[in-house]
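Q: I'd like to ask you about the structure that follows.
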Amino acid sequence: MASPRLEAKPQVVAPSRPSKPSAALRLLSAERSEEIFPILLEEIVNLGFPKAMLLEVDFDSGEVKPAGSLNFDKRDLEKFRASLWASENPIVSVLQSLNPAVLPSESANGQSLYAYPMVYRSRTRCWEAERKRRNDCLAMQNFGIARKLSFEEQVCTACGMRAYATLVVAKLGRNTTETRLREFRNLAERANGYLARLFKVEHYYNRLRDMEVTISRLRAVMQSMPDPVILTDNQHRVIIQNRAAERFFRVPEGVSEGGKRAVELNNLLFSAALSSMVVSANEASRDLTLVDVMEGEEVLFEAVCASTYSADGVRTGMVTVMRDVTDLRRADQEVRANMEKLRTAEEIVRQERDRLNLVIENVGDPIIVADNSAKIVMLDPLAKELISFAEDPKDPQTVKNQAKLDAYLTSFTFSFADKDNRSLQLYNPATGTQVEYAARSGKIYDARGQVAYTVTVLRDFSAWKKLEQLQMERRMLEMEKFAATGRLAGTIAHEINNPLEAIKNAIHLLGTNLDPKSQPIYEVLKAETERVTRIVRQMLGLYRNTAQLGSFDLNPVVEDTLALFGRPLAKIGVSVEKRLGDIPQMKGSADQFRQLLSNLVVNARDSMPSGGKLIIRTKEVFSSSGSHTGISLIVADTGTGIPAELQKSMFEPFVTTKGEKGTGLGLWIVKGVVENHNGRINVRSRVGKGTIIRLLFPVSR
């Protein structure tokens, strides 16, 4: 609530000539509070005081400062600034005591100053206090004060108005009499009375203006609401309603008779609903069906009501907000119908699940289901016997089984193959022997094409393996025979090739001294010798091993790996930065490098559970002489880092910092791939800072 403020402008003016009207009439003619003080200062000078000024109390800053003056120099005014808490200051003492007093002179001629305090006070109570018969009106309290004035309490508890406090100071002349001082006090007291009344009027004006602004804002808020809002009196007559309510309760122009009857029906139904809520003392909410006059459709509303009360606690009416719940009720009906369908579908799924579980339990082979991070989520009873879910989870054999399965599942989950058939040798606790299992795995994809689950079936092919081994041995014997025959043929061809070369040389020498009659025989002998030479060379070429390593580009391998792990990395807030340089082709296995990069990216992701940054860089490395020496592959992250005590053994099998989540085989596989390609590994890591792994591979020209 706004309160009036004193706004007398600091100024220094020349003494005005005596005005013809009396001082009382001039003060009475003032229409605003800020007109009182200029008139008062002029009349004080007209009384014979050489100088006059006004000191105002700023309750916000706690400062007493000049607010207006007559014949005072600006530099002298600054000497009268003071703080309300400087009780030893004569100015503050006069304000606190509310008694006029003579102040010590600050000038050189020894003349004194006379100060008269003016505060908001009156003999009668304000309108609010009088109406409620309260005795805490600030004006009366300041008028009858018998102690020091408290500046912290200058707010009326009855009307909320903030009071004013000023000090009128006049310089005493050499011949100032007591009569002049009495006239000065009477003039100041009369001015304070007029000022208090004007101040109160301005306070009411400001309150009225604030109320109008508040009402305007409430109207704007009410009109902007999409739901109908209606304010009614105690007889349920509409006082005000917004545009949304007029759509149902006001007859629009040009509407038909049917529309008018619809409006009458809406008003009747609304009044009946309000009466019902008042009688039943239930003002929470009520369902109400109305007719949209423009569309002609029925609309279901939830009418939420709240009573309005006056300041005396008397009920004056009711505010009703109606929320359109037509679509909500329709949606509720659809949800109920869908819930019934879901219950039916759930029963069908439960039956299918029971049948599937029955099939799994009677398959007779261990079945393992893992998620997209290669973590086991379901096992059948036979699979539980092979890993740590057995009766003794700390058994070294079952721990090894789990490590082997984790390594296999990780390799398959992050590979590009949809299916995989591989042999796994696991320890069977039931028989106490090592059993060779045929692992057949497949992938289940989600709607986005990402791997959701992997299913692995382990089939015991021990007897079949023995039969297959016997067949393999038989085939190996046959192959050995063929190989021995090939080696024998190669040896024979090699031995024949030496004398054959001698025969060719002899035939060549014979051709220089040949009888013309023997020329046809010589040609036949030469042609057949060349044919035998070609046959021998063909036999030698079939025995030699001509297999060579393949070449590939490392950058596409990096792109494929990051495309595979793009979504899991983005899901946990890991940003990927690629710096792929212009590198030459390298010899080796692209599949092995995909496995290497997959293990390094998974380790980096697991070290940044709360997000971070992954950097992968490839470039060609040159020696100091300028010739290229190899390809550098750098994988860096901002994760948790590797402890110093583990950096020496981190590439050994089953060494991990992930606890039960890791197998400790990832870096071991990385080391094997690097060694197969004659590469080198360099690791730099700090706990809490991150890890940098640099791989260097030679490039042969």
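Each chain in the structure tokens gets a letter, A, B, ..., in the order shown, and its residues are numbered from 1; ligands are numbered from 1 in order too.
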Among region 502-700 of chain A, which residues carry a DSSP assignment of strand (DSSP E or B), reported as an NGL selection string?
A: :A and (551-552 or 574-580 or 586-587 or 612-622 or 628-637 or 680-686 or 690-698)
Q: Among region 147-183 of chain A, which residues carry a DSSP assignment of helix (DSSP H, G or I), reported as a list in words?
A: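 Secondary structure check on region 147-183 of chain A, helix (DSSP H, G or I): Phe151, Glu152, Glu153, Glu178, Thr179, Arg180, Leu181, Arg182 and Glu183 of chain A.
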Q: How many Å lie between CA of Ala306 (chain A) and CA of Val321 (chain A), rounded to one decimal?
A: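 We find that CA of Ala306 (chain A) and CA of Val321 (chain A) lie 8.8 Å from each other.
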Q: For Thr433 (chain A), which residue out of A:Leu84, A:Leu386, A:Ile681, A:Ile634 is the nearest one, using only C-alpha atoms?
A: A:Leu386
Q: Near Glu302 (chain A), counting only C-alpha atoms, which residues have an atom at most 12 Å away, once you skip same-chain residues fewer than 2 positions from it, shown as JSON, numbers by chain?
A: {"A": [227, 228, 229, 270, 273, 283, 284, 285, 286, 287, 288, 289, 290, 299, 300, 304, 305, 320, 321, 322, 323, 324, 325, 326, 328, 329]}
Q: Each residue of region 338-428 of chain A lying at most 8 Å from region 442-460 of chain A should get a row with its shortest atom-to-atom pair and the distance in Å to one decimal, counting only C-alpha atoms; could you produce that, ordered by chain and increasing number, as a Markdown table?
A:
| residue | atom | partner | partner_atom | distance |
| --- | --- | --- | --- | --- |
| A:Asp365 | CA | A:Arg459 | CA | 5.6 |
| A:Pro366 | CA | A:Leu458 | CA | 5.3 |
| A:Ile367 | CA | A:Val457 | CA | 4.6 |
| A:Ile368 | CA | A:Thr456 | CA | 5.1 |
| A:Val369 | CA | A:Val455 | CA | 4.7 |
| A:Ala370 | CA | A:Thr454 | CA | 5.2 |
| A:Asp371 | CA | A:Tyr453 | CA | 4.4 |
| A:Asn372 | CA | A:Ala452 | CA | 5.1 |
| A:Ala374 | CA | A:Thr454 | CA | 7.9 |
| A:Thr413 | CA | A:Thr454 | CA | 7.0 |
| A:Asp418 | CA | A:Lys443 | CA | 5.7 |
| A:Lys419 | CA | A:Gly442 | CA | 4.5 |
| A:Asp420 | CA | A:Gly442 | CA | 6.7 |
Q: What is the CA of Arg180 (chain A)-CA of Leu95 (chain A) distance in Å, reported with one decimal?
A: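 About the pair CA of Arg180 (chain A) and CA of Leu95 (chain A): they are 21.6 Å apart.
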Q: Find the residue from A:Asp553, A:Glu63, A:Glu436, A:Asp292 that sits nearest to Arg250 (chain A); use only C-alpha atoms when measuring.
A: A:Asp292
Q: Measure the distance from CA of Arg422 (chain A) to CA of Asp406 (chain A) in Å and round it to one decimal.
A: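 That distance, rounded to one decimal, is 13.9 Å.
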Q: Would you mind listing what lies within 12 Å of region 611-614 of chain A as a ChimeraX atom specification, with only C-alpha atoms counted and same-chain residues fewer than 4 positions away left out?
A: /A:562,565-566,568-579,600-607,634-640,688-693
Q: Please determine, counting only C-alpha atoms, which residue among A:Asn362, A:Ala244, A:Asp312, A:Thr431 has the shortest atom-to-atom distance to Glu385 (chain A).
A: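 Selected residue with least distance to Glu385 (chain A): A:Thr431.
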Q: If we count only C-alpha atoms, what is near region 97-102 of chain A at a cut-off of 8 Å, once residues fewer than 5 positions away on the same chain are taken out, given as number ranges by chain?
A: A: 112-118, 147-149
Q: Would you mind exporting all heavy atoms of the selected residues as a PDB file, in the first residue's frame?
A:
ATOM      1  N   SER A 112      22.015  32.235  17.577  1.00  0.00           N
ATOM      2  CA  SER A 112      21.515  30.874  17.750  1.00  0.00           C
ATOM      3  C   SER A 112      20.397  30.577  16.756  1.00  0.00           C
ATOM      4  O   SER A 112      19.886  31.460  16.062  1.00  0.00           O
ATOM      5  CB  SER A 112      21.006  30.690  19.190  1.00  0.00           C
ATOM      6  OG  SER A 112      22.041  30.920  20.114  1.00  0.00           O
ATOM      7  N   LEU A 113      19.987  29.277  16.729  1.00  0.00           N
ATOM      8  CA  LEU A 113      18.929  28.781  15.864  1.00  0.00           C
ATOM      9  C   LEU A 113      17.795  28.261  16.734  1.00  0.00           C
ATOM     10  O   LEU A 113      18.014  27.681  17.806  1.00  0.00           O
ATOM     11  CB  LEU A 113      19.430  27.661  14.948  1.00  0.00           C
ATOM     12  CG  LEU A 113      20.595  28.017  14.022  1.00  0.00           C
ATOM     13  CD1 LEU A 113      21.077  26.768  13.288  1.00  0.00           C
ATOM     14  CD2 LEU A 113      20.183  29.087  13.030  1.00  0.00           C
ATOM     15  N   TYR A 114      16.584  28.435  16.237  1.00  0.00           N
ATOM     16  CA  TYR A 114      15.419  27.948  16.958  1.00  0.00           C
ATOM     17  C   TYR A 114      14.788  26.835  16.122  1.00  0.00           C
ATOM     18  O   TYR A 114      14.502  27.019  14.929  1.00  0.00           O
ATOM     19  CB  TYR A 114      14.408  29.080  17.170  1.00  0.00           C
ATOM     20  CG  TYR A 114      13.266  28.692  18.083  1.00  0.00           C
ATOM     21  CD1 TYR A 114      13.469  28.540  19.451  1.00  0.00           C
ATOM     22  CD2 TYR A 114      11.987  28.486  17.564  1.00  0.00           C
ATOM     23  CE1 TYR A 114      12.412  28.190  20.282  1.00  0.00           C
ATOM     24  CE2 TYR A 114      10.933  28.146  18.391  1.00  0.00           C
ATOM     25  CZ  TYR A 114      11.146  27.989  19.761  1.00  0.00           C
ATOM     26  OH  TYR A 114      10.108  27.632  20.587  1.00  0.00           O
ATOM     27  N   ALA A 115      14.574  25.645  16.732  1.00  0.00           N
ATOM     28  CA  ALA A 115      14.093  24.469  16.012  1.00  0.00           C
ATOM     29  C   ALA A 115      12.745  24.055  16.569  1.00  0.00           C
ATOM     30  O   ALA A 115      12.559  23.977  17.785  1.00  0.00           O
ATOM     31  CB  ALA A 115      15.081  23.312  16.137  1.00  0.00           C
ATOM     32  N   TYR A 116      11.813  23.754  15.644  1.00  0.00           N
ATOM     33  CA  TYR A 116      10.480  23.314  16.038  1.00  0.00           C
ATOM     34  C   TYR A 116      10.191  21.989  15.318  1.00  0.00           C
ATOM     35  O   TYR A 116      10.175  21.922  14.082  1.00  0.00           O
ATOM     36  CB  TYR A 116       9.427  24.358  15.656  1.00  0.00           C
ATOM     37  CG  TYR A 116       8.052  24.018  16.185  1.00  0.00           C
ATOM     38  CD1 TYR A 116       7.653  24.443  17.450  1.00  0.00           C
ATOM     39  CD2 TYR A 116       7.159  23.259  15.421  1.00  0.00           C
ATOM     40  CE1 TYR A 116       6.394  24.128  17.936  1.00  0.00           C
ATOM     41  CE2 TYR A 116       5.910  22.942  15.901  1.00  0.00           C
ATOM     42  CZ  TYR A 116       5.529  23.373  17.168  1.00  0.00           C
ATOM     43  OH  TYR A 116       4.286  23.051  17.658  1.00  0.00           O
ATOM     44  N   PRO A 117       9.955  20.871  16.074  1.00  0.00           N
ATOM     45  CA  PRO A 117       9.691  19.573  15.436  1.00  0.00           C
ATOM     46  C   PRO A 117       8.253  19.482  14.955  1.00  0.00           C
ATOM     47  O   PRO A 117       7.321  19.949  15.616  1.00  0.00           O
ATOM     48  CB  PRO A 117       9.971  18.565  16.545  1.00  0.00           C
ATOM     49  CG  PRO A 117       9.685  19.317  17.809  1.00  0.00           C
ATOM     50  CD  PRO A 117      10.043  20.757  17.555  1.00  0.00           C
ATOM     51  N   MET A 118       8.054  18.836  13.809  1.00  0.00           N
ATOM     52  CA  MET A 118       6.725  18.607  13.249  1.00  0.00           C
ATOM     53  C   MET A 118       6.608  17.130  12.872  1.00  0.00           C
ATOM     54  O   MET A 118       7.409  16.625  12.072  1.00  0.00           O
ATOM     55  CB  MET A 118       6.496  19.480  12.004  1.00  0.00           C
ATOM     56  CG  MET A 118       6.489  20.974  12.297  1.00  0.00           C
ATOM     57  SD  MET A 118       6.396  21.979  10.781  1.00  0.00           S
ATOM     58  CE  MET A 118       4.861  21.387  10.099  1.00  0.00           C
ATOM     59  N   ARG A 147       7.156  10.189  26.094  1.00  0.00           N
ATOM     60  CA  ARG A 147       8.511   9.649  26.097  1.00  0.00           C
ATOM     61  C   ARG A 147       9.175  10.020  24.777  1.00  0.00           C
ATOM     62  O   ARG A 147       8.603  10.742  23.971  1.00  0.00           O
ATOM     63  CB  ARG A 147       8.472   8.126  26.266  1.00  0.00           C
ATOM     64  CG  ARG A 147       7.597   7.435  25.226  1.00  0.00           C
ATOM     65  CD  ARG A 147       7.560   5.931  25.411  1.00  0.00           C
ATOM     66  NE  ARG A 147       6.632   5.304  24.489  1.00  0.00           N
ATOM     67  CZ  ARG A 147       6.898   4.988  23.235  1.00  0.00           C
ATOM     68  NH1 ARG A 147       8.102   5.294  22.741  1.00  0.00           N
ATOM     69  NH2 ARG A 147       6.007   4.420  22.465  1.00  0.00           N
ATOM     70  N   LYS A 148      10.381   9.524  24.585  1.00  0.00           N
ATOM     71  CA  LYS A 148      11.090   9.822  23.353  1.00  0.00           C
ATOM     72  C   LYS A 148      10.382   9.179  22.163  1.00  0.00           C
ATOM     73  O   LYS A 148       9.855   8.070  22.249  1.00  0.00           O
ATOM     74  CB  LYS A 148      12.530   9.317  23.423  1.00  0.00           C
ATOM     75  CG  LYS A 148      13.413  10.142  24.348  1.00  0.00           C
ATOM     76  CD  LYS A 148      14.849   9.702  24.238  1.00  0.00           C
ATOM     77  CE  LYS A 148      15.773  10.593  25.101  1.00  0.00           C
ATOM     78  NZ  LYS A 148      17.181  10.194  24.987  1.00  0.00           N
ATOM     79  N   LEU A 149      10.389   9.904  21.037  1.00  0.00           N
ATOM     80  CA  LEU A 149       9.737   9.413  19.839  1.00  0.00           C
ATOM     81  C   LEU A 149      10.531   8.247  19.251  1.00  0.00           C
ATOM     82  O   LEU A 149      11.751   8.323  19.109  1.00  0.00           O
ATOM     83  CB  LEU A 149       9.628  10.538  18.806  1.00  0.00           C
ATOM     84  CG  LEU A 149       8.932  10.176  17.489  1.00  0.00           C
ATOM     85  CD1 LEU A 149       7.460   9.903  17.736  1.00  0.00           C
ATOM     86  CD2 LEU A 149       9.103  11.301  16.477  1.00  0.00           C
TER      87      LEU A 149
END
Q: Taking only C-alpha atoms into account, which of A:Thr629, A:Asn555, A:Ser69, A:Asn599 comes nearest Phe412 (chain A)?
A: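 Going through A:Thr629, A:Asn555, A:Ser69, A:Asn599 one by one, the smallest distance to Phe412 (chain A) is for A:Asn599.
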